[in-house]
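Before any comments, here is the structure.
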Amino acid sequence: MPAFAPLQPRFPCGGLTLSSRVDTLIRQDLLDPLPYVRRHICGDWGDVREEHRHYNDAAVERGGYLLSSYAISDSSALCIFTEAERRLTAVFLSDEH
């Protein structure tokens, strides 16, 4: 049976900021964004289009912003955006953008 290496972060995410709606969902115990943030910083871009997947992969190596999206219900997605400078990562709902 092969051993699986744990996912390793591919880039620093800087400070983390949450939209007010994400914060409300957390406080209501309806959402835990941390597993999605971990996926994002490990290079699992979620449900973005293929061309944006390629953009993100190149941006990790050469610089540029990073955007991931993860379906959390039939009508909503959790989006995670890291600035090109890697100083800040924002977590928000898709309909807030």
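Lettering and numbering for the structure tokens are positional, with chains as A, B, ... in the shown order, residues counted from 1 in each chain, and ligands counted from 1 in the shown order.
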(message) Can you pull out the residues contacting Gly46 in chain A? Cut-off 6 Å, using only C-alpha atoms, and skip same-chain residues under 4 positions away; I want them as a PyMOL selection string.
(response) chain A and resi 68-70
Would you list the contacts of Asp47 in chain A as a PDB file with N, CA, C and O atoms, in the first residue's frame, taking every protein, DNA or RNA residue within 12 Å and counting only C-alpha atoms, but skipping same-chain residues closer than 4 positions in sequence?
```
ATOM      1  N   TYR A  36     -11.183  24.599   3.240  1.00  0.00           N
ATOM      2  CA  TYR A  36     -11.128  25.170   1.894  1.00  0.00           C
ATOM      3  C   TYR A  36      -9.886  26.056   1.728  1.00  0.00           C
ATOM      4  O   TYR A  36      -9.245  26.034   0.684  1.00  0.00           O
ATOM      5  N   ARG A  39      -7.034  23.718   1.179  1.00  0.00           N
ATOM      6  CA  ARG A  39      -7.029  23.230  -0.211  1.00  0.00           C
ATOM      7  C   ARG A  39      -6.444  24.291  -1.131  1.00  0.00           C
ATOM      8  O   ARG A  39      -5.628  23.983  -2.007  1.00  0.00           O
ATOM      9  N   HIS A  40      -6.873  25.540  -0.938  1.00  0.00           N
ATOM     10  CA  HIS A  40      -6.400  26.656  -1.766  1.00  0.00           C
ATOM     11  C   HIS A  40      -4.879  26.800  -1.691  1.00  0.00           C
ATOM     12  O   HIS A  40      -4.208  26.832  -2.721  1.00  0.00           O
ATOM     13  N   GLU A  51      -8.915  26.861 -17.730  1.00  0.00           N
ATOM     14  CA  GLU A  51      -7.938  27.910 -18.052  1.00  0.00           C
ATOM     15  C   GLU A  51      -7.510  28.677 -16.806  1.00  0.00           C
ATOM     16  O   GLU A  51      -6.360  29.109 -16.706  1.00  0.00           O
ATOM     17  N   HIS A  52      -8.411  28.809 -15.838  1.00  0.00           N
ATOM     18  CA  HIS A  52      -8.008  29.496 -14.611  1.00  0.00           C
ATOM     19  C   HIS A  52      -7.132  28.594 -13.745  1.00  0.00           C
ATOM     20  O   HIS A  52      -6.240  29.063 -13.047  1.00  0.00           O
ATOM     21  N   ARG A  53      -7.356  27.293 -13.828  1.00  0.00           N
ATOM     22  CA  ARG A  53      -6.470  26.333 -13.151  1.00  0.00           C
ATOM     23  C   ARG A  53      -5.026  26.513 -13.641  1.00  0.00           C
ATOM     24  O   ARG A  53      -4.091  26.573 -12.845  1.00  0.00           O
ATOM     25  N   LEU A  67      -7.028  32.426  -7.415  1.00  0.00           N
ATOM     26  CA  LEU A  67      -8.442  32.358  -7.107  1.00  0.00           C
ATOM     27  C   LEU A  67      -8.914  30.910  -7.144  1.00  0.00           C
ATOM     28  O   LEU A  67      -8.660  30.193  -8.109  1.00  0.00           O
ATOM     29  N   SER A  68      -9.597  30.506  -6.075  1.00  0.00           N
ATOM     30  CA  SER A  68     -10.217  29.187  -5.997  1.00  0.00           C
ATOM     31  C   SER A  68     -11.700  29.355  -5.733  1.00  0.00           C
ATOM     32  O   SER A  68     -12.129  30.386  -5.202  1.00  0.00           O
ATOM     33  N   SER A  69     -12.459  28.332  -6.071  1.00  0.00           N
ATOM     34  CA  SER A  69     -13.902  28.345  -5.829  1.00  0.00           C
ATOM     35  C   SER A  69     -14.336  26.929  -5.475  1.00  0.00           C
ATOM     36  O   SER A  69     -13.930  25.967  -6.132  1.00  0.00           O
ATOM     37  N   TYR A  70     -15.165  26.815  -4.433  1.00  0.00           N
ATOM     38  CA  TYR A  70     -15.611  25.509  -3.952  1.00  0.00           C
ATOM     39  C   TYR A  70     -17.121  25.553  -3.726  1.00  0.00           C
ATOM     40  O   TYR A  70     -17.603  26.391  -2.952  1.00  0.00           O
ATOM     41  N   ALA A  71     -17.849  24.667  -4.376  1.00  0.00           N
ATOM     42  CA  ALA A  71     -19.303  24.614  -4.186  1.00  0.00           C
ATOM     43  C   ALA A  71     -19.597  24.203  -2.746  1.00  0.00           C
ATOM     44  O   ALA A  71     -19.058  23.208  -2.253  1.00  0.00           O
ATOM     45  N   ILE A  72     -20.441  24.991  -2.068  1.00  0.00           N
ATOM     46  CA  ILE A  72     -20.835  24.655  -0.697  1.00  0.00           C
ATOM     47  C   ILE A  72     -22.337  24.384  -0.603  1.00  0.00           C
ATOM     48  O   ILE A  72     -22.812  23.944   0.438  1.00  0.00           O
ATOM     49  N   SER A  76     -24.503  28.217  -4.092  1.00  0.00           N
ATOM     50  CA  SER A  76     -23.452  29.096  -3.578  1.00  0.00           C
ATOM     51  C   SER A  76     -22.097  28.407  -3.594  1.00  0.00           C
ATOM     52  O   SER A  76     -21.994  27.191  -3.455  1.00  0.00           O
ATOM     53  N   ALA A  77     -21.074  29.239  -3.767  1.00  0.00           N
ATOM     54  CA  ALA A  77     -19.706  28.751  -3.728  1.00  0.00           C
ATOM     55  C   ALA A  77     -18.899  29.626  -2.786  1.00  0.00           C
ATOM     56  O   ALA A  77     -19.158  30.817  -2.638  1.00  0.00           O
ATOM     57  N   LEU A  78     -17.912  29.020  -2.158  1.00  0.00           N
ATOM     58  CA  LEU A  78     -16.968  29.745  -1.328  1.00  0.00           C
ATOM     59  C   LEU A  78     -15.773  30.073  -2.206  1.00  0.00           C
ATOM     60  O   LEU A  78     -15.188  29.170  -2.824  1.00  0.00           O
ATOM     61  N   CYS A  79     -15.423  31.333  -2.287  1.00  0.00           N
ATOM     62  CA  CYS A  79     -14.312  31.783  -3.114  1.00  0.00           C
ATOM     63  C   CYS A  79     -13.161  32.216  -2.222  1.00  0.00           C
ATOM     64  O   CYS A  79     -13.378  32.812  -1.157  1.00  0.00           O
ATOM     65  N   ILE A  80     -11.956  31.933  -2.663  1.00  0.00           N
ATOM     66  CA  ILE A  80     -10.762  32.321  -1.929  1.00  0.00           C
ATOM     67  C   ILE A  80      -9.816  32.985  -2.907  1.00  0.00           C
ATOM     68  O   ILE A  80      -9.495  32.427  -3.962  1.00  0.00           O
ATOM     69  N   SER A  94     -19.569  33.500  -3.462  1.00  0.00           N
ATOM     70  CA  SER A  94     -19.548  33.834  -4.880  1.00  0.00           C
ATOM     71  C   SER A  94     -20.489  34.979  -5.231  1.00  0.00           C
ATOM     72  O   SER A  94     -20.166  35.796  -6.099  1.00  0.00           O
TER      73      SER A  94
END
```
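Contact shell of Ala90 in chain A at 8 Å (only C-alpha atoms; same-chain neighbours under 3 positions omitted): Leu16, Thr17, Leu18, Ser19, Ile80, Phe81 and Thr82 of chain A.
Computed from the coordinates, the CA of Gly63 in chain A to CA of Asp95 in chain A distance equals 26.5 Å.
Taking the backbone of this structure through DSSP, the residues of chain A that come out as strand (DSSP E) are Gly15, Leu16, Thr17, Leu18, Leu66, Leu67, Ser68, Ser69, Tyr70, Ala71, Ala77, Leu78, Cys79, Ile80, Phe81, Thr82, Leu88, Thr89, Ala90, Val91, Phe92 and Leu93 of chain A.
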(message) Please compute the CA of Trp45 in chain A-CA of Tyr65 in chain A distance, one decimal, in Å.
(response) 12.5 Å
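Closest approach to Leu93 in chain A among A:Leu25, A:Cys42, A:Val48, A:Cys13 is made by A:Leu25 (distances from only C-alpha atoms).
You will find CA of Ile41 in chain A at 5.1 Å from CA of Pro9 in chain A.
Candidate residues A:Arg10, A:Arg62, A:Arg38, A:Arg21 were compared for distance to Glu96 in chain A, and the nearest is A:Arg21, using only C-alpha atoms.
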